[in-house]
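Structure below is data_33.txt: compact mmCIF, C-alpha atoms.
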```txt
# COMPACT_ATOMS: atom_id res chain seq x y z
CA MET A 1304 -38.09 5.16 -12.76
CA GLY A 1305 -38.33 1.49 -11.91
CA CYS A 1306 -36.29 -0.37 -9.33
CA PHE A 1307 -34.12 -2.05 -11.99
CA GLU A 1308 -33.25 1.23 -13.71
CA CYS A 1309 -32.49 2.82 -10.35
CA CYS A 1310 -30.13 -0.03 -9.42
CA ILE A 1311 -28.35 0.21 -12.77
CA LYS A 1312 -27.91 3.95 -12.32
CA CYS A 1313 -26.54 3.49 -8.78
CA LEU A 1314 -24.11 0.81 -9.96
CA GLY A 1315 -22.94 3.22 -12.62
CA GLY A 1316 -21.88 5.63 -9.88
CA VAL A 1317 -19.46 3.16 -8.26
CA PRO A 1318 -15.78 4.01 -8.91
CA TYR A 1319 -14.72 0.45 -9.71
CA ALA A 1320 -11.08 1.36 -10.25
CA SER A 1321 -10.86 2.88 -6.76
CA LEU A 1322 -12.76 -0.09 -5.33
CA VAL A 1323 -10.32 -2.60 -6.86
CA ALA A 1324 -7.34 -0.56 -5.66
CA THR A 1325 -8.82 -0.36 -2.15
CA ILE A 1326 -9.41 -4.12 -1.95
CA LEU A 1327 -5.88 -4.79 -3.22
CA CYS A 1328 -4.42 -2.29 -0.73
CA PHE A 1329 -6.34 -3.79 2.21
CA SER A 1330 -5.32 -7.32 1.19
CA GLY A 1331 -1.66 -6.42 0.77
CA VAL A 1332 -1.42 -4.51 4.05
CA ALA A 1333 -3.28 -7.27 5.91
CA LEU A 1334 -0.93 -9.95 4.55
CA PHE A 1335 2.17 -7.91 5.29
CA CYS A 1336 1.14 -6.89 8.82
CA GLY A 1337 -0.39 -10.20 9.92
CA CYS A 1338 2.22 -12.55 8.46
CA GLY A 1339 5.10 -10.21 9.28
CA HIS A 1340 4.08 -9.95 12.93
CA VAL A 1341 3.91 -13.73 13.42
CA ALA A 1342 7.08 -14.34 11.40
CA LEU A 1343 9.07 -11.87 13.51
CA ALA A 1344 7.97 -13.62 16.69
CA GLY A 1345 9.02 -16.98 15.22
CA THR A 1346 12.40 -15.57 14.21
CA ILE A 1347 13.13 -14.45 17.76
CA SER A 1348 12.20 -17.90 19.05
CA ILE A 1349 14.56 -19.61 16.56
CA LEU A 1350 17.43 -17.29 17.48
CA GLU A 1351 16.95 -17.79 21.22
CA GLN A 1352 16.79 -21.58 20.98
CA HIS A 1353 19.50 -22.31 18.43
CA PHE A 1354 21.82 -19.38 17.67
CA SER A 1355 22.03 -17.05 20.68
CA THR A 1356 21.46 -18.68 24.05
CA ASN A 1357 22.56 -15.58 25.97
CA ALA A 1358 19.70 -13.06 26.08
CA SER A 1359 22.05 -10.08 26.32
CA ASP A 1360 23.59 -10.93 22.94
CA HIS A 1361 20.34 -10.38 21.07
CA ALA A 1362 18.70 -7.85 23.41
CA LEU A 1363 18.99 -5.05 20.84
CA LEU A 1364 17.51 -7.25 18.12
CA SER A 1365 14.60 -8.17 20.38
CA GLU A 1366 13.88 -4.50 21.06
CA VAL A 1367 14.03 -3.68 17.35
CA ILE A 1368 11.66 -6.52 16.47
CA GLN A 1369 9.27 -5.50 19.24
CA LEU A 1370 9.34 -1.94 17.91
CA MET A 1371 8.66 -3.22 14.38
CA GLN A 1372 5.65 -5.16 15.67
CA TYR A 1373 4.22 -1.96 17.17
CA VAL A 1374 4.92 -0.17 13.89
CA ILE A 1375 2.95 -2.88 12.12
CA TYR A 1376 -0.07 -2.07 14.29
CA GLY A 1377 0.22 1.58 13.28
CA ILE A 1378 0.62 0.74 9.58
CA ALA A 1379 -2.50 -1.45 9.62
CA SER A 1380 -4.59 1.26 11.33
CA PHE A 1381 -3.32 4.07 9.11
CA PHE A 1382 -3.87 2.28 5.81
CA PHE A 1383 -7.33 1.11 6.83
CA LEU A 1384 -8.31 4.76 7.31
CA TYR A 1385 -6.35 6.01 4.29
CA GLY A 1386 -7.90 3.40 1.98
CA ILE A 1387 -11.40 4.43 3.03
CA ILE A 1388 -10.56 8.11 2.46
CA LEU A 1389 -9.21 7.41 -1.03
CA LEU A 1390 -12.28 5.31 -1.85
CA ALA A 1391 -14.54 8.16 -0.71
CA GLU A 1392 -12.51 10.60 -2.79
CA GLY A 1393 -13.04 8.30 -5.77
CA PHE A 1394 -16.79 8.34 -5.19
CA TYR A 1395 -17.01 12.12 -5.11
CA THR A 1396 -14.80 12.82 -8.10
CA THR A 1397 -16.06 10.25 -10.54
CA SER A 1398 -18.01 11.55 -13.51
CA ALA A 1399 -20.76 9.02 -12.85
CA VAL A 1400 -21.57 10.76 -9.54
CA LYS A 1401 -21.97 14.01 -11.45
CA GLU A 1402 -24.53 12.33 -13.69
CA LEU A 1403 -26.34 10.95 -10.64
CA HIS A 1404 -26.55 14.10 -8.54
CA GLY A 1405 -26.49 16.80 -11.21
CA GLU A 1406 -23.99 19.57 -11.75
CA PHE A 1407 -21.58 20.43 -8.97
CA LYS A 1408 -19.12 23.25 -8.52
CA THR A 1409 -15.50 22.48 -7.87
CA THR A 1410 -13.58 24.73 -5.52
CA ALA A 1411 -9.93 25.59 -5.19
CA CYS A 1412 -9.94 23.80 -1.83
CA GLY A 1413 -11.26 20.60 -3.43
CA ARG A 1414 -8.61 20.69 -6.15
CA CYS A 1415 -5.94 21.36 -3.53
CA ILE A 1416 -7.08 18.33 -1.50
CA SER A 1417 -6.97 16.11 -4.60
CA GLY A 1418 -3.46 17.34 -5.38
CA MET A 1419 -2.42 16.67 -1.77
CA PHE A 1420 -3.67 13.07 -2.07
CA VAL A 1421 -1.65 12.63 -5.26
CA PHE A 1422 1.53 13.82 -3.53
CA LEU A 1423 0.90 11.79 -0.37
CA THR A 1424 0.15 8.61 -2.32
CA TYR A 1425 3.34 9.12 -4.35
CA VAL A 1426 5.40 9.43 -1.15
CA LEU A 1427 3.71 6.38 0.38
CA GLY A 1428 4.36 4.42 -2.80
CA LEU A 1429 8.08 5.18 -2.58
CA ALA A 1430 8.06 4.22 1.11
CA TRP A 1431 6.32 0.92 0.42
CA LEU A 1432 8.78 0.21 -2.37
CA GLY A 1433 11.50 0.40 0.30
CA VAL A 1434 9.42 -1.81 2.61
CA PHE A 1435 9.05 -4.34 -0.20
CA GLY A 1436 12.82 -4.44 -0.69
CA PHE A 1437 13.43 -4.67 3.07
CA SER A 1438 10.91 -7.52 3.45
CA ALA A 1439 12.88 -9.53 0.90
CA VAL A 1440 15.92 -9.62 3.24
CA PRO A 1441 14.53 -12.21 5.73
CA VAL A 1442 13.24 -14.25 2.80
CA PHE A 1443 16.79 -14.34 1.42
CA MET A 1444 18.21 -15.34 4.81
CA PHE A 1445 15.69 -18.13 5.38
CA TYR A 1446 16.16 -19.34 1.82
CA ASN A 1447 19.90 -19.64 2.37
CA ILE A 1448 19.33 -21.70 5.52
CA TRP A 1449 16.73 -23.88 3.80
CA SER A 1450 18.94 -24.45 0.74
CA THR A 1451 21.86 -25.43 3.01
CA CYS A 1452 19.63 -27.99 4.71
CA GLU A 1453 18.68 -29.38 1.30
CA VAL A 1454 22.36 -29.74 0.47
CA ILE A 1455 22.91 -31.69 3.69
CA LYS A 1456 20.01 -34.02 2.84
CA SER A 1457 21.18 -34.68 -0.73
CA PRO A 1458 22.83 -38.08 -1.44
CA GLN A 1459 25.74 -36.44 -3.25
CA THR A 1460 26.72 -34.59 -0.07
CA ASN A 1461 26.66 -37.79 1.94
CA SER A 1462 29.04 -39.45 -0.52
CA THR A 1463 31.51 -36.57 -0.82
CA ALA A 1464 31.52 -34.81 2.56
CA THR A 1465 30.21 -35.24 6.03
CA GLY A 1466 27.17 -33.20 7.07
CA SER A 1467 29.02 -31.73 10.02
CA GLN A 1468 31.26 -29.80 7.63
CA ILE A 1469 28.32 -27.82 6.26
CA CYS A 1470 27.29 -24.94 8.53
CA VAL A 1471 25.24 -21.74 8.63
CA ASP A 1472 26.67 -18.86 10.63
CA ILE A 1473 23.82 -16.47 11.39
CA ARG A 1474 26.30 -13.89 12.70
CA GLN A 1475 27.47 -13.08 9.19
CA TYR A 1476 24.12 -11.41 8.49
CA GLY A 1477 24.76 -8.86 11.23
CA ILE A 1478 21.58 -9.49 13.21
CA ILE A 1479 23.50 -10.79 16.25
CA PRO A 1480 27.04 -9.84 17.37
CA TRP A 1481 30.10 -11.96 16.56
CA ASN A 1482 30.57 -12.91 20.21
CA ALA A 1483 27.11 -14.53 20.36
CA LEU A 1484 27.23 -18.26 21.09
CA PRO A 1485 26.81 -20.68 19.47
CA GLY A 1486 26.14 -18.35 16.53
CA ARG A 1487 26.08 -21.12 13.97
CA ALA A 1488 24.57 -24.54 13.36
CA CYS A 1489 26.09 -27.46 11.47
CA GLY A 1490 25.09 -30.85 10.14
CA SER A 1491 22.29 -32.63 11.94
CA THR A 1492 21.68 -29.64 14.23
CA LEU A 1493 21.01 -27.42 11.25
CA GLU A 1494 18.83 -30.09 9.68
CA SER A 1495 16.75 -30.36 12.86
CA ILE A 1496 16.26 -26.57 12.84
CA CYS A 1497 14.92 -26.72 9.29
CA ASN A 1498 12.50 -29.47 10.30
CA THR A 1499 10.90 -27.44 13.09
CA ASN A 1500 7.46 -25.92 12.64
CA GLU A 1501 8.75 -22.50 13.67
CA PHE A 1502 11.27 -22.42 10.83
CA TYR A 1503 8.74 -23.70 8.29
CA MET A 1504 6.06 -21.21 9.34
CA SER A 1505 8.41 -18.22 9.63
CA TYR A 1506 9.96 -18.90 6.22
CA HIS A 1507 6.62 -19.11 4.42
CA LEU A 1508 5.08 -16.24 6.38
CA PHE A 1509 7.96 -13.97 5.37
CA ILE A 1510 7.33 -14.94 1.74
CA VAL A 1511 3.64 -14.06 2.08
CA ALA A 1512 4.52 -10.80 3.86
CA CYS A 1513 6.87 -9.87 1.02
CA ALA A 1514 4.12 -10.65 -1.49
CA GLY A 1515 1.72 -8.50 0.54
CA ALA A 1516 4.16 -5.59 0.42
CA GLY A 1517 4.40 -6.02 -3.35
CA ALA A 1518 0.60 -6.03 -3.65
CA THR A 1519 0.46 -2.83 -1.61
CA VAL A 1520 2.96 -1.17 -3.95
CA ILE A 1521 0.80 -2.15 -6.94
CA ALA A 1522 -2.31 -0.84 -5.17
CA LEU A 1523 -0.65 2.52 -4.44
CA ILE A 1524 0.48 2.83 -8.06
CA HIS A 1525 -3.11 2.10 -9.07
CA PHE A 1526 -4.35 4.73 -6.64
CA LEU A 1527 -1.81 7.21 -7.99
CA MET A 1528 -3.12 6.78 -11.54
CA ILE A 1529 -6.73 7.15 -10.33
CA LEU A 1530 -5.99 10.26 -8.27
CA SER A 1531 -4.08 11.87 -11.13
CA SER A 1532 -7.02 11.20 -13.44
CA ASN A 1533 -9.49 12.60 -10.90
CA TRP A 1534 -7.35 15.70 -10.36
CA ALA A 1535 -7.23 16.30 -14.11
CA TYR A 1536 -11.01 15.84 -14.23
CA LEU A 1537 -11.53 18.41 -11.47
CA LYS A 1538 -9.18 20.81 -13.23
CA ASP A 1539 -11.11 20.50 -16.50
CA ALA A 1540 -14.41 20.81 -14.62
CA SER A 1541 -13.23 24.05 -13.00
CA LYS A 1542 -12.29 25.47 -16.42
CA MET A 1543 -15.66 24.46 -17.83
CA GLN A 1544 -17.35 26.01 -14.81
CA ALA A 1545 -15.47 29.29 -15.35
CA TYR A 1546 -16.42 29.24 -19.05
CA GLN A 1547 -20.09 28.66 -18.23
CA ASP A 1548 -20.06 31.47 -15.66
CA ILE A 1549 -18.58 33.90 -18.21
CA LYS A 1550 -21.04 32.76 -20.85
CA ALA A 1551 -23.99 33.18 -18.47
CA LYS A 1552 -22.74 36.64 -17.50
CA GLU A 1553 -22.42 37.70 -21.14
CA GLU A 1554 -25.88 36.39 -21.94
CA GLN A 1555 -27.30 38.29 -18.97
CA GLU A 1556 -25.56 41.49 -20.12
CA LEU A 1557 -26.89 40.95 -23.64
CA GLN A 1558 -30.42 40.54 -22.29
CA ASP A 1559 -30.04 43.69 -20.21
CA ILE A 1560 -28.90 45.65 -23.26
CA GLN A 1561 -31.81 44.34 -25.32
CA SER A 1562 -34.31 45.17 -22.58
CA ARG A 1563 -32.91 48.73 -22.25
CA SER A 1564 -33.07 49.15 -26.02
CA LYS A 1565 -36.72 48.14 -26.08
CA GLU A 1566 -37.46 50.52 -23.25
CA GLN A 1567 -35.81 53.39 -25.15
CA LEU A 1568 -37.72 52.58 -28.33
CA ASN A 1569 -40.99 52.48 -26.42
CA SER A 1570 -40.20 55.86 -24.84
CA TYR A 1571 -39.59 57.41 -28.31
CA THR A 1572 -42.84 56.07 -29.70
```

Translate the structure described by the file into structure tokens.
Amino acid sequence: MGCFECCIKCLGGVPYASLVATILCFSGVALFCGCGHVALAGTISILEQHFSTNASDHALLSEVIQLMQYVIYGIASFFFLYGIILLAEGFYTTSAVKELHGEFKTTACGRCISGMFVFLTYVLGLAWLGVFGFSAVPVFMFYNIWSTCEVIKSPQTNSTATGSQICVDIRQYGIIPWNALPGRACGSTLESICNTNEFYMSYHLFIVACAGAGATVIALIHFLMILSSNWAYLKDASKMQAYQDIKAKEEQELQDIQSRSKEQLNSYT
């Protein structure tokens, strides 16, 4: 076999569906974890400078955000390992690998592991669906602040009402207590907040993090379809293996009977 034919045969053994799902999963988790971590730090900075000057008022929020940042580290590490495991599982259950390395025997343990991956991926998919919905909350909050700033900048607002009458009260979202001061920003103060780099970066990073969570959900759904297909393949392979074992046993018994019959005929003659 030449080098070209060998390369073509090796490329045929690559589980491209699992590879695409792995790349999408890594990309989504990386976007969510990286952008989310930086956006959370920017959010704390905006709150401390403009909405809650007393550190005790947002101490609980700071602890929660710090905990979420540590959770992000764990999520990134776990999904890096889990993606590699699922990719390896795709390599060893694809039919192309069977053609490359010859027949293989499936075991009950192997089918149990494949079923466990299906269940675990389903649970993780539901969890990431919740993360995707949760990550849309800060996007909604920042969008409300940004849209209020756009209203202040519009010429129609300047002709009908003063900018100081338009305010955003961050306390209504429940992230800081009602006794936090100043708690809200109005007019030119609010407009200056929207013009800061921290607000601009945090807003867009939260959008990217939300998109990353959505990409991770799609990747896990893709993985779930692949794992279900692989599990069905292993199940069919085990049935075919059992059929071949029974057939081989029957053929061996038939040969034994024929050999004994010949021996008896030879003894009579």

**Message:** For a quick check of understanding, using all atoms listed in the file, which of A:Ala1483, A:Val1426, A:Ile1496, A:Ala1488 has the smallest distance to Ala1358 of chain A?
**Reply:** A:Ala1483

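Shortest atom-to-atom contact with Arg1474 of chain A among A:Phe1443, A:Asn1357, A:Arg1487, A:Gly1393: A:Arg1487, counting only C-alpha atoms.
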
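Taking only C-alpha atoms into account, Met1444 of chain A lies nearest to A:Phe1509 out of the set A:Ala1430, A:Val1421, A:Gln1468, A:Phe1509.
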
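What separates atom CA of Phe1381 of chain A from atom CA of Thr1325 of chain A is a distance of 13.3 Å.
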
**Request:** Would you list the residues near (-7.7, -5.9, -0.2), meaning any protein, DNA or RNA residue with an atom at most 12 Å from that point in file coordinates, counting all atoms listed in the file, as a ChimeraX atom specification?
**Result:** /A:1321-1335,1379,1382-1383,1386-1387,1515-1516,1518-1519,1521-1523

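Among the candidate residues A:Lys1552, A:His1525, A:His1507, A:His1361, the one lying nearest to Gly1345 of chain A is A:His1507, with distances computed using only C-alpha atoms.
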
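Nearest-residue note for Ser1359 of chain A: choosing from A:Ala1344, A:Leu1432, A:Ile1479, A:Glu1453, the minimum distance belongs to A:Ile1479, counting only C-alpha atoms.
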
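In this model, the gap between atom CA of Ile1349 of chain A and atom CA of Trp1431 of chain A comes to 27.4 Å.
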
**Request:** Could you check how far atom CA of Ser1505 of chain A sits from atom CA of Pro1441 of chain A, in Å to one decimal?
**Result:** 9.4 Å

**Message:** Can you tell me which residues surround segment 1527-1534 of chain A at a distance of at most 8 Å, considering all atoms listed in the file, apart from same-chain residues fewer than 6 positions away, and format the answer as a PyMOL selection string?
**Reply:** chain A and resi 1320-1321+1393+1396-1397+1414+1417-1418+1420-1421+1424-1425

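With all atoms listed in the file as the basis for measurement, A:Met1371 is the residue among A:Ile1524, A:Leu1423, A:Val1317, A:Met1371 that approaches Cys1336 of chain A most closely.
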
**Request:** Write out as a PyMOL selection string each polymer residue whose atoms come within 9 Å of Cys1513 of chain A, counting only C-alpha atoms; drop sequence neighbours fewer than 5 positions from it.
**Result:** chain A and resi 1334-1335+1339+1434-1439+1442+1508+1518

Atoms kept (C-alpha atoms) for selection, written as a tab-separated table (two decimals), in the frame of the given file:
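Saved file part-v2.tsv follows:
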```tsv
chain	number	residue	atom	x	y	z
A	1334	LEU	CA	-0.93	-9.95	4.55
A	1335	PHE	CA	2.17	-7.91	5.29
A	1339	GLY	CA	5.10	-10.21	9.28
A	1434	VAL	CA	9.42	-1.81	2.61
A	1435	PHE	CA	9.05	-4.34	-0.20
A	1436	GLY	CA	12.82	-4.44	-0.69
A	1437	PHE	CA	13.43	-4.67	3.07
A	1438	SER	CA	10.91	-7.52	3.45
A	1439	ALA	CA	12.88	-9.53	0.90
A	1442	VAL	CA	13.24	-14.25	2.80
A	1508	LEU	CA	5.08	-16.24	6.38
A	1518	ALA	CA	0.60	-6.03	-3.65
```

All heavy atoms restored at segment 1374-1385 of chain A, emitted as a PDB file, in the frame of the given file:
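Writing the result to result-v2.pdb gives the following:
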```
ATOM      1  N   VAL A1374       5.052  -0.940  15.129  1.00  0.00           N
ATOM      2  CA  VAL A1374       4.920  -0.170  13.890  1.00  0.00           C
ATOM      3  C   VAL A1374       3.912  -0.828  12.956  1.00  0.00           C
ATOM      4  O   VAL A1374       3.139  -0.154  12.259  1.00  0.00           O
ATOM      5  CB  VAL A1374       6.292  -0.008  13.211  1.00  0.00           C
ATOM      6  CG1 VAL A1374       6.143   0.562  11.806  1.00  0.00           C
ATOM      7  CG2 VAL A1374       7.198   0.878  14.043  1.00  0.00           C
ATOM      8  N   ILE A1375       3.905  -2.155  12.954  1.00  0.00           N
ATOM      9  CA  ILE A1375       2.950  -2.880  12.120  1.00  0.00           C
ATOM     10  C   ILE A1375       1.523  -2.557  12.522  1.00  0.00           C
ATOM     11  O   ILE A1375       0.634  -2.390  11.674  1.00  0.00           O
ATOM     12  CB  ILE A1375       3.230  -4.400  12.213  1.00  0.00           C
ATOM     13  CG1 ILE A1375       4.471  -4.746  11.368  1.00  0.00           C
ATOM     14  CG2 ILE A1375       2.033  -5.220  11.759  1.00  0.00           C
ATOM     15  CD1 ILE A1375       4.900  -6.188  11.489  1.00  0.00           C
ATOM     16  N   TYR A1376       1.268  -2.455  13.835  1.00  0.00           N
ATOM     17  CA  TYR A1376      -0.070  -2.070  14.290  1.00  0.00           C
ATOM     18  C   TYR A1376      -0.448  -0.701  13.742  1.00  0.00           C
ATOM     19  O   TYR A1376      -1.590  -0.493  13.289  1.00  0.00           O
ATOM     20  CB  TYR A1376      -0.122  -2.028  15.825  1.00  0.00           C
ATOM     21  CG  TYR A1376       0.135  -3.349  16.501  1.00  0.00           C
ATOM     22  CD1 TYR A1376       0.817  -3.409  17.718  1.00  0.00           C
ATOM     23  CD2 TYR A1376      -0.286  -4.538  15.933  1.00  0.00           C
ATOM     24  CE1 TYR A1376       1.054  -4.619  18.353  1.00  0.00           C
ATOM     25  CE2 TYR A1376      -0.051  -5.758  16.561  1.00  0.00           C
ATOM     26  CZ  TYR A1376       0.619  -5.787  17.764  1.00  0.00           C
ATOM     27  OH  TYR A1376       0.862  -6.989  18.380  1.00  0.00           O
ATOM     28  N   GLY A1377       0.495   0.237  13.789  1.00  0.00           N
ATOM     29  CA  GLY A1377       0.220   1.580  13.280  1.00  0.00           C
ATOM     30  C   GLY A1377      -0.006   1.590  11.778  1.00  0.00           C
ATOM     31  O   GLY A1377      -0.889   2.304  11.282  1.00  0.00           O
ATOM     32  N   ILE A1378       0.787   0.804  11.037  1.00  0.00           N
ATOM     33  CA  ILE A1378       0.620   0.740   9.580  1.00  0.00           C
ATOM     34  C   ILE A1378      -0.763   0.199   9.225  1.00  0.00           C
ATOM     35  O   ILE A1378      -1.445   0.738   8.344  1.00  0.00           O
ATOM     36  CB  ILE A1378       1.721  -0.142   8.963  1.00  0.00           C
ATOM     37  CG1 ILE A1378       3.082   0.570   9.053  1.00  0.00           C
ATOM     38  CG2 ILE A1378       1.399  -0.463   7.504  1.00  0.00           C
ATOM     39  CD1 ILE A1378       4.236  -0.287   8.593  1.00  0.00           C
ATOM     40  N   ALA A1379      -1.189  -0.855   9.904  1.00  0.00           N
ATOM     41  CA  ALA A1379      -2.500  -1.450   9.620  1.00  0.00           C
ATOM     42  C   ALA A1379      -3.617  -0.440   9.878  1.00  0.00           C
ATOM     43  O   ALA A1379      -4.541  -0.294   9.061  1.00  0.00           O
ATOM     44  CB  ALA A1379      -2.698  -2.702  10.466  1.00  0.00           C
ATOM     45  N   SER A1380      -3.545   0.281  10.991  1.00  0.00           N
ATOM     46  CA  SER A1380      -4.590   1.260  11.330  1.00  0.00           C
ATOM     47  C   SER A1380      -4.595   2.420  10.336  1.00  0.00           C
ATOM     48  O   SER A1380      -5.661   2.848   9.863  1.00  0.00           O
ATOM     49  CB  SER A1380      -4.368   1.788  12.749  1.00  0.00           C
ATOM     50  OG  SER A1380      -4.361   0.738  13.687  1.00  0.00           O
ATOM     51  N   PHE A1381      -3.400   2.921  10.003  1.00  0.00           N
ATOM     52  CA  PHE A1381      -3.320   4.070   9.110  1.00  0.00           C
ATOM     53  C   PHE A1381      -3.853   3.740   7.723  1.00  0.00           C
ATOM     54  O   PHE A1381      -4.637   4.514   7.146  1.00  0.00           O
ATOM     55  CB  PHE A1381      -1.872   4.551   9.014  1.00  0.00           C
ATOM     56  CG  PHE A1381      -1.651   5.614   7.974  1.00  0.00           C
ATOM     57  CD1 PHE A1381      -2.014   6.933   8.232  1.00  0.00           C
ATOM     58  CD2 PHE A1381      -1.097   5.300   6.747  1.00  0.00           C
ATOM     59  CE1 PHE A1381      -1.819   7.915   7.278  1.00  0.00           C
ATOM     60  CE2 PHE A1381      -0.907   6.280   5.786  1.00  0.00           C
ATOM     61  CZ  PHE A1381      -1.263   7.583   6.052  1.00  0.00           C
ATOM     62  N   PHE A1382      -3.459   2.602   7.174  1.00  0.00           N
ATOM     63  CA  PHE A1382      -3.870   2.280   5.810  1.00  0.00           C
ATOM     64  C   PHE A1382      -5.327   1.859   5.727  1.00  0.00           C
ATOM     65  O   PHE A1382      -5.945   1.972   4.664  1.00  0.00           O
ATOM     66  CB  PHE A1382      -2.956   1.214   5.203  1.00  0.00           C
ATOM     67  CG  PHE A1382      -1.761   1.803   4.522  1.00  0.00           C
ATOM     68  CD1 PHE A1382      -0.593   2.027   5.229  1.00  0.00           C
ATOM     69  CD2 PHE A1382      -1.813   2.172   3.196  1.00  0.00           C
ATOM     70  CE1 PHE A1382       0.505   2.589   4.614  1.00  0.00           C
ATOM     71  CE2 PHE A1382      -0.725   2.735   2.571  1.00  0.00           C
ATOM     72  CZ  PHE A1382       0.442   2.940   3.279  1.00  0.00           C
ATOM     73  N   PHE A1383      -5.897   1.365   6.826  1.00  0.00           N
ATOM     74  CA  PHE A1383      -7.330   1.110   6.830  1.00  0.00           C
ATOM     75  C   PHE A1383      -8.090   2.421   6.668  1.00  0.00           C
ATOM     76  O   PHE A1383      -9.026   2.529   5.865  1.00  0.00           O
ATOM     77  CB  PHE A1383      -7.740   0.412   8.128  1.00  0.00           C
ATOM     78  CG  PHE A1383      -9.212   0.164   8.254  1.00  0.00           C
ATOM     79  CD1 PHE A1383      -9.823  -0.873   7.558  1.00  0.00           C
ATOM     80  CD2 PHE A1383     -10.008   0.976   9.062  1.00  0.00           C
ATOM     81  CE1 PHE A1383     -11.184  -1.097   7.656  1.00  0.00           C
ATOM     82  CE2 PHE A1383     -11.367   0.761   9.173  1.00  0.00           C
ATOM     83  CZ  PHE A1383     -11.953  -0.284   8.465  1.00  0.00           C
ATOM     84  N   LEU A1384      -7.670   3.443   7.405  1.00  0.00           N
ATOM     85  CA  LEU A1384      -8.310   4.760   7.310  1.00  0.00           C
ATOM     86  C   LEU A1384      -7.998   5.426   5.971  1.00  0.00           C
ATOM     87  O   LEU A1384      -8.898   5.997   5.324  1.00  0.00           O
ATOM     88  CB  LEU A1384      -7.854   5.633   8.469  1.00  0.00           C
ATOM     89  CG  LEU A1384      -8.406   7.062   8.517  1.00  0.00           C
ATOM     90  CD1 LEU A1384      -9.918   7.031   8.654  1.00  0.00           C
ATOM     91  CD2 LEU A1384      -7.775   7.832   9.667  1.00  0.00           C
ATOM     92  N   TYR A1385      -6.750   5.347   5.528  1.00  0.00           N
ATOM     93  CA  TYR A1385      -6.350   6.010   4.290  1.00  0.00           C
ATOM     94  C   TYR A1385      -7.045   5.393   3.077  1.00  0.00           C
ATOM     95  O   TYR A1385      -7.447   6.107   2.148  1.00  0.00           O
ATOM     96  CB  TYR A1385      -4.830   5.924   4.131  1.00  0.00           C
ATOM     97  CG  TYR A1385      -4.280   6.778   3.018  1.00  0.00           C
ATOM     98  CD1 TYR A1385      -4.325   8.166   3.100  1.00  0.00           C
ATOM     99  CD2 TYR A1385      -3.707   6.203   1.894  1.00  0.00           C
ATOM    100  CE1 TYR A1385      -3.809   8.954   2.087  1.00  0.00           C
ATOM    101  CE2 TYR A1385      -3.195   6.990   0.871  1.00  0.00           C
ATOM    102  CZ  TYR A1385      -3.251   8.360   0.970  1.00  0.00           C
ATOM    103  OH  TYR A1385      -2.755   9.148  -0.037  1.00  0.00           O
TER     104      TYR A1385
END
```
